[in-house]
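Chemist: Please find target.cif (mmCIF, C-alpha atoms and all ligand atoms) on the next line:
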```
data_data
#
loop_
_atom_site.label_atom_id
_atom_site.label_comp_id
_atom_site.auth_asym_id
_atom_site.auth_seq_id
_atom_site.Cartn_x
_atom_site.Cartn_y
_atom_site.Cartn_z
CA MET C 1 -0.67 6.75 1.73
CA ALA C 2 -0.85 2.98 2.08
CA ASP C 3 2.40 1.27 1.17
CA PRO C 4 1.35 -1.89 -0.74
CA VAL C 5 4.72 -3.61 -0.19
CA SER C 6 4.43 -3.38 3.62
CA TYR C 7 0.88 -4.67 3.61
CA ALA C 8 1.81 -7.54 1.28
CA ARG C 9 4.74 -8.58 3.51
CA LEU C 10 2.54 -8.60 6.54
CA GLN C 11 -0.31 -10.40 4.81
CA LYS C 12 2.06 -13.15 3.69
CA ARG C 13 3.11 -13.86 7.27
CA LEU C 14 -0.32 -13.47 8.94
CA THR C 15 -1.48 -16.98 8.01
CA PRO C 16 -3.81 -19.09 10.17
CA ALA C 17 -0.72 -21.08 11.30
CA ALA C 18 1.06 -17.96 12.58
CA ARG C 19 1.72 -17.23 16.23
CA VAL C 20 0.90 -13.55 16.57
CA THR C 21 1.71 -11.16 19.39
CA VAL C 22 0.56 -7.55 19.49
CA ILE C 23 1.60 -4.88 21.95
CA THR C 24 -0.47 -1.72 22.06
CA GLY C 25 0.06 1.68 23.63
CA ALA C 26 -1.95 4.84 24.06
CA GLY C 27 -2.06 5.44 20.28
CA VAL C 28 -4.51 2.56 19.74
CA SER C 29 -7.01 4.41 21.93
CA ALA C 30 -6.34 7.87 20.47
CA ALA C 31 -9.18 7.52 17.92
CA SER C 32 -11.51 6.68 20.79
CA GLY C 33 -10.72 10.08 22.28
CA VAL C 34 -8.46 8.88 25.11
CA PRO C 35 -5.61 11.38 25.40
CA THR C 36 -2.08 10.00 24.94
CA PHE C 37 0.53 11.06 27.50
CA ARG C 38 2.96 12.60 25.09
CA GLY C 39 0.49 13.94 22.55
CA PRO C 40 -0.73 17.56 22.36
CA ASP C 41 -3.53 16.95 24.90
CA GLY C 42 -1.35 14.95 27.28
CA LEU C 43 -1.33 17.72 29.86
CA TRP C 44 -3.86 18.09 32.63
CA GLN C 45 -4.01 21.56 34.20
CA SER C 46 -0.37 22.16 33.23
CA PHE C 47 0.82 19.00 35.04
CA ARG C 48 2.78 16.43 33.09
CA ALA C 49 1.81 12.77 33.46
CA GLU C 50 5.34 11.96 34.63
CA ASP C 51 4.83 14.31 37.58
CA LEU C 52 1.51 12.79 38.67
CA ALA C 53 1.83 9.08 37.94
CA THR C 54 4.44 8.42 40.63
CA PRO C 55 4.39 7.02 44.17
CA GLU C 56 6.05 10.26 45.36
CA ALA C 57 3.31 12.45 43.90
CA PHE C 58 0.68 10.26 45.55
CA ALA C 59 2.46 10.35 48.93
CA ARG C 60 2.73 14.15 48.66
CA ASP C 61 -0.79 14.89 47.49
CA PRO C 62 -3.21 11.95 47.06
CA TYR C 63 -6.07 14.39 46.47
CA LEU C 64 -4.36 15.99 43.48
CA VAL C 65 -3.37 12.64 41.97
CA TRP C 66 -6.91 11.30 42.43
CA GLN C 67 -8.39 14.43 40.84
CA TRP C 68 -6.34 13.58 37.75
CA TYR C 69 -7.35 9.90 37.80
CA ASP C 70 -10.98 10.79 38.40
CA TRP C 71 -10.85 13.12 35.37
CA ARG C 72 -9.24 10.38 33.26
CA ARG C 73 -11.73 7.77 34.44
CA GLN C 74 -14.63 10.04 33.50
CA LYS C 75 -13.09 10.76 30.11
CA ILE C 76 -12.45 7.07 29.41
CA ALA C 77 -15.92 6.04 30.61
CA ALA C 78 -17.34 8.32 27.91
CA CYS C 79 -15.15 6.74 25.18
CA GLU C 80 -15.93 3.70 23.04
CA PRO C 81 -13.53 1.13 21.62
CA ASN C 82 -12.62 1.98 18.02
CA ILE C 83 -12.22 -0.21 14.94
CA ALA C 84 -8.61 -1.12 15.86
CA HIS C 85 -9.78 -2.55 19.22
CA HIS C 86 -12.59 -4.42 17.46
CA VAL C 87 -10.36 -5.94 14.79
CA LEU C 88 -7.85 -7.06 17.43
CA ALA C 89 -10.66 -8.65 19.43
CA SER C 90 -11.85 -10.51 16.34
CA TRP C 91 -8.32 -11.82 15.67
CA GLN C 92 -7.98 -13.64 18.97
CA HIS C 93 -9.24 -16.95 17.55
CA GLN C 94 -7.94 -16.59 13.98
CA PHE C 95 -4.34 -17.69 14.44
CA ALA C 96 -2.42 -20.64 15.90
CA SER C 97 -1.85 -18.42 18.90
CA PHE C 98 -2.64 -14.81 19.58
CA THR C 99 -1.43 -12.75 22.52
CA LEU C 100 -2.49 -9.19 23.15
CA VAL C 101 -0.21 -7.18 25.44
CA THR C 102 -1.16 -3.64 26.32
CA GLN C 103 0.42 -0.77 28.16
CA ASN C 104 -2.97 0.88 28.29
CA VAL C 105 -4.93 1.08 31.49
CA ASP C 106 -8.21 2.15 29.87
CA GLY C 107 -9.88 -1.28 29.49
CA LEU C 108 -10.99 -0.57 25.90
CA HIS C 109 -9.53 -3.84 24.56
CA GLU C 110 -11.65 -5.77 27.05
CA ARG C 111 -14.71 -3.68 26.21
CA ALA C 112 -14.20 -4.65 22.54
CA GLY C 113 -14.22 -8.32 23.58
CA SER C 114 -10.53 -9.20 23.90
CA GLU C 115 -9.92 -11.87 26.52
CA ASN C 116 -6.78 -12.66 28.51
CA VAL C 117 -5.19 -9.30 27.78
CA LEU C 118 -1.75 -9.01 29.37
CA ARG C 119 -2.02 -5.61 31.04
CA MET C 120 1.52 -4.52 31.76
CA HIS C 121 0.52 -1.34 33.54
CA GLY C 122 -2.61 -2.44 35.36
CA SER C 123 -6.08 -0.96 35.05
CA ILE C 124 -7.52 2.43 35.79
CA TRP C 125 -10.71 0.57 36.77
CA GLU C 126 -9.03 -1.14 39.70
CA VAL C 127 -8.13 0.24 43.11
CA GLY C 128 -6.10 -1.08 46.01
CA CYS C 129 -5.21 -0.08 49.56
CA SER C 130 -2.28 2.37 49.51
CA ARG C 131 -1.17 0.99 52.88
CA ASP C 132 -1.50 -2.58 51.59
CA CYS C 133 -3.30 -3.42 54.84
CA GLY C 134 -3.81 -7.04 53.83
CA LYS C 135 -7.41 -7.04 55.03
CA VAL C 136 -8.70 -6.35 51.54
CA PRO C 137 -7.76 -8.06 48.26
CA HIS C 138 -4.60 -6.59 46.75
CA ARG C 139 -6.58 -5.01 43.91
CA TRP C 140 -10.25 -4.98 43.04
CA ARG C 141 -12.41 -3.52 40.33
CA ASP C 142 -14.25 -0.30 41.10
CA ASP C 143 -15.88 1.60 38.24
CA THR C 144 -17.40 4.29 40.44
CA VAL C 145 -17.32 7.48 38.39
CA PRO C 146 -16.99 9.97 39.93
CA PHE C 147 -16.08 8.93 43.46
CA VAL C 148 -18.17 10.58 46.15
CA ALA C 149 -15.11 12.03 47.87
CA LEU C 150 -11.47 12.08 46.88
CA PRO C 151 -9.34 10.25 47.68
CA PRO C 152 -11.57 7.18 48.01
CA ARG C 153 -10.85 5.27 51.25
CA CYS C 154 -9.95 1.66 52.00
CA PRO C 155 -13.07 -0.04 53.38
CA GLN C 156 -10.91 -1.84 55.98
CA CYS C 157 -8.31 0.59 57.28
CA ASP C 158 -9.45 3.97 55.91
CA ALA C 159 -6.11 4.68 54.21
CA PRO C 160 -6.47 6.36 50.82
CA LEU C 161 -7.11 3.89 48.02
CA ARG C 162 -4.72 4.06 45.11
CA PRO C 163 -5.38 3.46 41.43
CA GLY C 164 -4.56 -0.11 40.33
CA VAL C 165 -1.97 1.04 37.83
CA VAL C 166 1.80 0.78 37.69
CA TRP C 167 3.37 4.17 38.28
CA PHE C 168 6.69 5.44 36.96
CA GLY C 169 9.41 3.97 39.15
CA GLU C 170 7.31 0.97 40.26
CA ALA C 171 8.03 -2.64 39.39
CA LEU C 172 5.81 -4.50 36.95
CA ASP C 173 4.12 -7.72 37.99
CA PRO C 174 6.86 -10.32 37.36
CA ASP C 175 4.32 -12.94 36.30
CA ILE C 176 2.98 -10.65 33.57
CA VAL C 177 6.48 -9.74 32.43
CA GLU C 178 7.30 -13.44 32.17
CA ARG C 179 4.19 -14.12 30.09
CA CYS C 180 4.98 -11.15 27.83
CA LEU C 181 8.50 -12.45 27.29
CA MET C 182 7.14 -15.89 26.45
CA ALA C 183 4.80 -14.29 23.92
CA THR C 184 7.77 -12.74 22.09
CA ASN C 185 8.44 -16.28 20.82
CA CYS C 186 6.16 -15.73 17.85
CA ASP C 187 6.05 -15.41 14.06
CA VAL C 188 4.64 -11.90 13.78
CA PHE C 189 5.12 -9.19 16.39
CA LEU C 190 3.16 -5.95 16.02
CA ILE C 191 3.99 -2.86 18.05
CA VAL C 192 1.11 -0.42 17.81
CA GLY C 193 0.71 3.17 18.97
CA THR C 194 3.40 3.29 21.59
CA SER C 195 6.19 5.82 21.79
CA ALA C 196 8.45 2.82 22.54
CA VAL C 197 10.39 4.58 25.26
CA VAL C 198 8.97 2.90 28.40
CA TYR C 199 10.86 -0.28 29.33
CA PRO C 200 10.52 -3.22 29.54
CA ALA C 201 7.58 -2.90 27.16
CA ALA C 202 9.78 -1.21 24.57
CA GLY C 203 12.34 -4.04 24.75
CA LEU C 204 9.90 -6.81 23.81
CA VAL C 205 10.32 -6.09 20.11
CA ASP C 206 14.03 -6.93 20.37
CA HIS C 207 13.19 -10.28 21.98
CA ALA C 208 10.71 -10.98 19.19
CA ARG C 209 13.33 -10.21 16.56
CA ARG C 210 15.77 -12.62 18.21
CA HIS C 211 13.06 -15.28 18.03
CA GLY C 212 12.87 -14.71 14.28
CA ALA C 213 9.53 -12.90 14.23
CA LEU C 214 8.60 -10.43 11.53
CA THR C 215 8.55 -7.19 13.51
CA VAL C 216 6.07 -4.52 12.48
CA GLU C 217 5.39 -1.06 13.84
CA ILE C 218 2.10 0.73 13.30
CA ASN C 219 2.42 4.38 14.29
CA PRO C 220 1.94 7.58 12.28
CA GLU C 221 5.02 9.09 13.96
CA SER C 222 8.50 7.61 14.06
CA THR C 223 9.81 6.25 17.36
CA PRO C 224 13.03 4.66 18.61
CA ALA C 225 11.64 1.33 17.31
CA THR C 226 11.00 2.55 13.76
CA ARG C 227 14.50 2.01 12.43
CA SER C 228 14.89 -1.47 13.85
CA VAL C 229 11.60 -3.09 12.81
CA ASP C 230 11.25 -5.09 9.59
CA VAL C 231 8.16 -3.18 8.50
CA ALA C 232 7.08 0.28 9.64
CA ILE C 233 3.58 1.40 8.64
CA ALA C 234 3.31 5.14 9.27
CA GLU C 235 -0.46 5.29 9.52
CA PRO C 236 -2.98 5.37 12.38
CA ALA C 237 -4.04 2.06 13.93
CA GLU C 238 -7.71 2.72 13.11
CA VAL C 239 -6.78 2.91 9.42
CA VAL C 240 -4.34 0.00 9.29
CA PHE C 241 -6.34 -2.67 11.14
CA PRO C 242 -9.56 -2.58 9.10
CA ARG C 243 -7.48 -2.54 5.91
CA LEU C 244 -5.42 -5.51 7.04
CA HIS C 245 -8.53 -7.32 8.21
CA ASP C 246 -10.13 -6.91 4.78
CA ARG C 247 -7.03 -8.20 3.04
CA LEU C 248 -6.85 -11.24 5.31
CA PHE C 249 -10.46 -12.27 5.77
CA SER C 250 -12.63 -11.01 2.92
P1 LIG X 301 2.53 7.63 24.54
O1 LIG X 301 1.50 8.65 24.83
O2 LIG X 301 3.90 7.81 25.03
O3 LIG X 301 2.68 7.46 22.95
C1 LIG X 301 1.58 7.29 22.11
C2 LIG X 301 2.08 6.89 20.75
O4 LIG X 301 0.94 6.63 19.93
C3 LIG X 301 2.91 7.95 20.02
O5 LIG X 301 4.07 7.35 19.50
C4 LIG X 301 2.00 8.40 18.87
O6 LIG X 301 2.73 8.74 17.69
C5 LIG X 301 1.16 7.18 18.65
N1 LIG X 301 -0.16 7.44 18.08
C6 LIG X 301 -0.95 8.54 18.22
N2 LIG X 301 -2.11 8.35 17.56
C7 LIG X 301 -2.04 7.12 16.98
C8 LIG X 301 -2.95 6.36 16.20
N3 LIG X 301 -4.15 6.85 15.84
N4 LIG X 301 -2.57 5.12 15.78
C9 LIG X 301 -1.36 4.61 16.15
N5 LIG X 301 -0.46 5.30 16.89
C10 LIG X 301 -0.82 6.53 17.31
O7 LIG X 301 1.94 6.26 24.95
P2 LIG X 301 2.58 4.88 25.42
O8 LIG X 301 3.80 4.58 24.63
O9 LIG X 301 1.48 3.91 25.50
O10 LIG X 301 3.01 5.31 26.88
C11 LIG X 301 3.30 5.30 27.92
C12 LIG X 301 2.42 5.09 29.16
O11 LIG X 301 1.27 5.86 29.18
C13 LIG X 301 1.91 3.71 29.26
O12 LIG X 301 2.53 3.21 30.36
C14 LIG X 301 0.42 3.76 29.56
O13 LIG X 301 0.15 3.07 30.75
C15 LIG X 301 0.15 5.18 29.76
N6 LIG X 301 -1.05 5.70 29.10
C16 LIG X 301 -2.15 4.92 28.89
C17 LIG X 301 -3.26 5.44 28.24
C18 LIG X 301 -4.46 4.57 28.01
O14 LIG X 301 -4.73 3.66 28.79
N7 LIG X 301 -5.20 4.80 26.91
C19 LIG X 301 -3.26 6.76 27.80
C20 LIG X 301 -2.12 7.54 28.02
C21 LIG X 301 -1.02 6.99 28.66
ZN ZN X 302 -6.48 -0.86 53.83
#
```
Write the structure described by the file as structure tokens, please.
Ligand code: NAD
Ligand code: ZN

Modeler:
Amino acid sequence: MADPVSYARLQKRLTPAARVTVITGAGVSAASGVPTFRGPDGLWQSFRAEDLATPEAFARDPYLVWQWYDWRRQKIAACEPNIAHHVLASWQHQFASFTLVTQNVDGLHERAGSENVLRMHGSIWEVGCSRDCGKVPHRWRDDTVPFVALPPRCPQCDAPLRPGVVWFGEALDPDIVERCLMATNCDVFLIVGTSAVVYPAAGLVDHARRHGALTVEINPESTPATRSVDVAIAEPAEVVFPRLHDRLFS
């Protein structure tokens, strides 16, 4: 059930003069059919994501890890952005500033038309040399689905290619982290569809609060962030964004 007080509070602050920052997680893509990691369909052949998305798993068995990525790439290629992605894309020029940060690797924000997305965890559509041979660019886009043979090979040194994503235990790109931190200096900070347990992404909301932003969570389930945000809307992103959009722009 829509809570009119929450929507009214948010509407009041989402003025054309507002600086708005949004961080999204797997939940924003759930309605597109992309499985979340921690949801009921987060398992692949009985493996947990945490056991496959690691440098150790890749070193041990690049074939197995690539089978999982190849499966995810095929699944994502068959998905379309949903109304939440589309509304967020349409908001990019509606405010004094608008920054979209995502933990997602699926590329659906870009497919909906969002530009300059800060991708904290990379892209499933990029690959790089696992040996970092230096003869090829660090990362490049490769949408080949499915690959002819797994694991795909570096065109220069024949080492296995790796997915262009950040695995558990790996450092984030410091330049992206810096830009995300800068974007927490805003008037409205929305945290959407993330279980809010993976740092530093989960910590951005605290920075935003210290900058005086109205902090808002959009997630049908409660998370560690729920208690600390100013407004928690316990509904799916694909329901909340079109409703908000109508209130703001029609
Ligand atoms: P997560 O799977 O841990 O959590 C998803 C969250 O979304 C949950 O809190 C759930 O309650 C919420 N949710 C489910 N349906 C929703 C909906 N319709 N609207 C709004 N919220 C909804 O995901 P996370 O926090 O993004 O996770 C961690 C990592 O998983 C990230 O690093 C990301 O790289 C990776 N991941 C990415 C994708 C993707 O690219 N689509 C998918 C799965 C995991
Ligand atoms: Zn190489």

Chemist: Work out how far apart CA of Ala149 in chain C and CA of Leu161 in chain C are and give it in Å to one decimal.

Modeler: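 It comes out at 11.4 Å.
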
Chemist: Considering all atoms listed in the file, return as a CSV table (one decimal) with C-alpha atoms, keeping the file's coordinate frame whatever protein or nucleic-acid residues lie within 9 Å of Arg111 in chain C, sequence-local ones (same chain, fewer than 3 positions apart) excluded.

Modeler:
```
chain,number,residue,atom,x,y,z
C,80,GLU,CA,-15.9,3.7,23.0
C,81,PRO,CA,-13.5,1.1,21.6
C,85,HIS,CA,-9.8,-2.6,19.2
C,107,GLY,CA,-9.9,-1.3,29.5
C,108,LEU,CA,-11.0,-0.6,25.9
C,114,SER,CA,-10.5,-9.2,23.9
```

Chemist: Could you tell me which of C:Ala89, C:Leu10, C:Val166, C:Cys157 comes closest to Ala53 in chain C if we count only C-alpha atoms?

Modeler: C:Val166

Chemist: Excluding Ile191 in chain C and residues on its chain fewer than 3 positions from it, collect all residues at most 9 Å away from it, counting all atoms listed in the file, and give them as a ChimeraX atom specification.

Modeler: /C:21-25,194,196,202,205,215-219,225

Chemist: Using all atoms listed in the file, find each protein or nucleic acid residue lying at most 6 Å from ligand LIG 301 (chain X); present the set as a PyMOL selection string.

Modeler: chain C and resi 25-31+34-39+103-106+121+192-196+218-221+236-237

Chemist: Could you please take those selected residues and save C-alpha atoms as a PDB file, in the coordinates of the input?

Modeler:
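Written output follows (selection_36.pdb):
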```pdb
ATOM      1  CA  GLY C  25       0.060   1.680  23.630  1.00  0.00           C
ATOM      2  CA  ALA C  26      -1.950   4.840  24.060  1.00  0.00           C
ATOM      3  CA  GLY C  27      -2.060   5.440  20.280  1.00  0.00           C
ATOM      4  CA  VAL C  28      -4.510   2.560  19.740  1.00  0.00           C
ATOM      5  CA  SER C  29      -7.010   4.410  21.930  1.00  0.00           C
ATOM      6  CA  ALA C  30      -6.340   7.870  20.470  1.00  0.00           C
ATOM      7  CA  ALA C  31      -9.180   7.520  17.920  1.00  0.00           C
ATOM      8  CA  VAL C  34      -8.460   8.880  25.110  1.00  0.00           C
ATOM      9  CA  PRO C  35      -5.610  11.380  25.400  1.00  0.00           C
ATOM     10  CA  THR C  36      -2.080  10.000  24.940  1.00  0.00           C
ATOM     11  CA  PHE C  37       0.530  11.060  27.500  1.00  0.00           C
ATOM     12  CA  ARG C  38       2.960  12.600  25.090  1.00  0.00           C
ATOM     13  CA  GLY C  39       0.490  13.940  22.550  1.00  0.00           C
ATOM     14  CA  GLN C 103       0.420  -0.770  28.160  1.00  0.00           C
ATOM     15  CA  ASN C 104      -2.970   0.880  28.290  1.00  0.00           C
ATOM     16  CA  VAL C 105      -4.930   1.080  31.490  1.00  0.00           C
ATOM     17  CA  ASP C 106      -8.210   2.150  29.870  1.00  0.00           C
ATOM     18  CA  HIS C 121       0.520  -1.340  33.540  1.00  0.00           C
ATOM     19  CA  VAL C 192       1.110  -0.420  17.810  1.00  0.00           C
ATOM     20  CA  GLY C 193       0.710   3.170  18.970  1.00  0.00           C
ATOM     21  CA  THR C 194       3.400   3.290  21.590  1.00  0.00           C
ATOM     22  CA  SER C 195       6.190   5.820  21.790  1.00  0.00           C
ATOM     23  CA  ALA C 196       8.450   2.820  22.540  1.00  0.00           C
ATOM     24  CA  ILE C 218       2.100   0.730  13.300  1.00  0.00           C
ATOM     25  CA  ASN C 219       2.420   4.380  14.290  1.00  0.00           C
ATOM     26  CA  PRO C 220       1.940   7.580  12.280  1.00  0.00           C
ATOM     27  CA  GLU C 221       5.020   9.090  13.960  1.00  0.00           C
ATOM     28  CA  PRO C 236      -2.980   5.370  12.380  1.00  0.00           C
ATOM     29  CA  ALA C 237      -4.040   2.060  13.930  1.00  0.00           C
TER      30      ALA C 237
END
```

Chemist: Of the residues C:Val188, C:Gly128, C:Pro151, C:Leu204, which is the one nearest to ligand ZN 302 (chain X), using all atoms listed in the file?

Modeler: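 Counting all atoms listed in the file, the residue closest to ligand ZN 302 (chain X) is C:Gly128.
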
Chemist: Kindly indicate which residue among C:Val240, C:Cys133, C:Ala234, C:Leu52 lies nearest to ligand ZN 302 (chain X), using all atoms listed in the file for the distances.

Modeler: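 Checking each of C:Val240, C:Cys133, C:Ala234, C:Leu52 against ligand ZN 302 (chain X), counting all atoms listed in the file, the winner is C:Cys133.
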
Chemist: Per residue of chain C within 8 Å of ligand ZN 302 (chain X), which atom pair is closest and at what distance in Å (one decimal), using only C-alpha atoms and all ligand atoms, listed by chain and increasing number, as a tab-separated table?

Modeler:
```
residue	atom	partner	partner_atom	distance
C:Gly128	CA	X:ZN302	ZN	7.8
C:Cys129	CA	X:ZN302	ZN	4.5
C:Ser130	CA	X:ZN302	ZN	6.8
C:Arg131	CA	X:ZN302	ZN	5.7
C:Asp132	CA	X:ZN302	ZN	5.7
C:Cys133	CA	X:ZN302	ZN	4.2
C:Gly134	CA	X:ZN302	ZN	6.7
C:Lys135	CA	X:ZN302	ZN	6.4
C:Val136	CA	X:ZN302	ZN	6.3
C:Arg153	CA	X:ZN302	ZN	8.0
C:Cys154	CA	X:ZN302	ZN	4.7
C:Pro155	CA	X:ZN302	ZN	6.7
C:Gln156	CA	X:ZN302	ZN	5.0
C:Cys157	CA	X:ZN302	ZN	4.2
C:Asp158	CA	X:ZN302	ZN	6.0
C:Ala159	CA	X:ZN302	ZN	5.6
C:Pro160	CA	X:ZN302	ZN	7.8
C:Leu161	CA	X:ZN302	ZN	7.5
```

Chemist: Compare C:Pro152, C:Gly203, C:Pro242, C:Pro146 by their minimum atom-to-atom distance to Thr184 in chain C, counting all atoms listed in the file, and give me the closest one.

Modeler: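 Under the stated criterion, the closest residue is C:Gly203.
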
Chemist: Between C:Gln11, C:Thr102, C:Gln74, C:Thr226, which has the minimum distance to Val145 in chain C (counting all atoms listed in the file)?

Modeler: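 The answer is C:Gln74, which sits nearest to Val145 in chain C.
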
Chemist: Take every atom of range 1-15 of chain C listed in the file, fit an axis-aligned box around them, add 6 Å per side, and give the centre and edge lengths in Å to one decimal as lines of an AutoDock Vina configuration file.

Modeler:
```
center_x = 1.6
center_y = -5.1
center_z = 4.1
size_x = 18.2
size_y = 35.7
size_z = 21.7
```

Chemist: Identify which of the residues C:Ala49, C:Val87, C:Ala57, C:Cys79 lies closest to Asp246 in chain C, counting all atoms listed in the file when measuring atom-to-atom distances.

Modeler: C:Val87

Chemist: Write range 115-123 of chain C as a short mmCIF file (atom, residue, chain, number, x, y, z; two decimals), keeping the file's coordinate frame, completed to all heavy atoms.

Modeler:
```
data_model
loop_
_atom_site.label_atom_id
_atom_site.label_comp_id
_atom_site.auth_asym_id
_atom_site.auth_seq_id
_atom_site.Cartn_x
_atom_site.Cartn_y
_atom_site.Cartn_z
N GLU C 115 -10.03 -11.13 25.26
CA GLU C 115 -9.92 -11.87 26.52
C GLU C 115 -8.44 -12.08 26.83
O GLU C 115 -7.61 -12.06 25.94
CB GLU C 115 -10.61 -13.23 26.39
CG GLU C 115 -12.12 -13.09 26.22
CD GLU C 115 -12.75 -14.34 25.64
OE1 GLU C 115 -12.10 -15.40 25.57
OE2 GLU C 115 -13.93 -14.23 25.22
N ASN C 116 -8.16 -12.34 28.08
CA ASN C 116 -6.78 -12.66 28.51
C ASN C 116 -5.76 -11.62 28.08
O ASN C 116 -4.66 -11.96 27.66
CB ASN C 116 -6.35 -14.03 27.96
CG ASN C 116 -7.34 -15.11 28.33
OD1 ASN C 116 -7.82 -15.14 29.47
ND2 ASN C 116 -7.68 -15.96 27.39
N VAL C 117 -6.13 -10.36 28.14
CA VAL C 117 -5.19 -9.30 27.78
C VAL C 117 -4.10 -9.23 28.85
O VAL C 117 -4.40 -9.25 30.05
CB VAL C 117 -5.93 -7.94 27.70
CG1 VAL C 117 -4.97 -6.82 27.29
CG2 VAL C 117 -7.12 -8.01 26.75
N LEU C 118 -2.85 -9.17 28.40
CA LEU C 118 -1.75 -9.01 29.37
C LEU C 118 -1.57 -7.50 29.60
O LEU C 118 -1.05 -6.79 28.74
CB LEU C 118 -0.46 -9.62 28.83
CG LEU C 118 -0.45 -11.14 28.68
CD1 LEU C 118 0.90 -11.61 28.11
CD2 LEU C 118 -0.70 -11.80 30.03
N ARG C 119 -2.06 -7.05 30.74
CA ARG C 119 -2.02 -5.61 31.04
C ARG C 119 -0.76 -5.28 31.81
O ARG C 119 -0.69 -5.48 33.02
CB ARG C 119 -3.25 -5.23 31.85
CG ARG C 119 -4.52 -5.13 31.03
CD ARG C 119 -5.56 -4.37 31.81
NE ARG C 119 -5.75 -4.94 33.12
CZ ARG C 119 -6.85 -5.55 33.55
NH1 ARG C 119 -7.89 -5.64 32.76
NH2 ARG C 119 -6.91 -6.03 34.78
N MET C 120 0.23 -4.78 31.11
CA MET C 120 1.52 -4.52 31.76
C MET C 120 1.43 -3.45 32.84
O MET C 120 2.17 -3.49 33.81
CB MET C 120 2.56 -4.07 30.74
CG MET C 120 2.90 -5.10 29.72
SD MET C 120 4.39 -4.62 28.83
CE MET C 120 5.61 -5.53 29.74
N HIS C 121 0.55 -2.48 32.62
CA HIS C 121 0.52 -1.34 33.54
C HIS C 121 -0.75 -1.27 34.38
O HIS C 121 -1.07 -0.21 34.92
CB HIS C 121 0.73 -0.03 32.76
CG HIS C 121 2.09 0.05 32.12
ND1 HIS C 121 2.39 0.85 31.05
CD2 HIS C 121 3.24 -0.62 32.42
CE1 HIS C 121 3.67 0.68 30.72
NE2 HIS C 121 4.19 -0.20 31.53
N GLY C 122 -1.45 -2.40 34.49
CA GLY C 122 -2.61 -2.44 35.36
C GLY C 122 -3.85 -1.86 34.72
O GLY C 122 -3.96 -1.78 33.48
N SER C 123 -4.80 -1.45 35.56
CA SER C 123 -6.08 -0.96 35.05
C SER C 123 -6.52 0.25 35.85
O SER C 123 -6.46 0.26 37.08
CB SER C 123 -7.13 -2.06 35.20
OG SER C 123 -8.41 -1.51 34.95
#
```
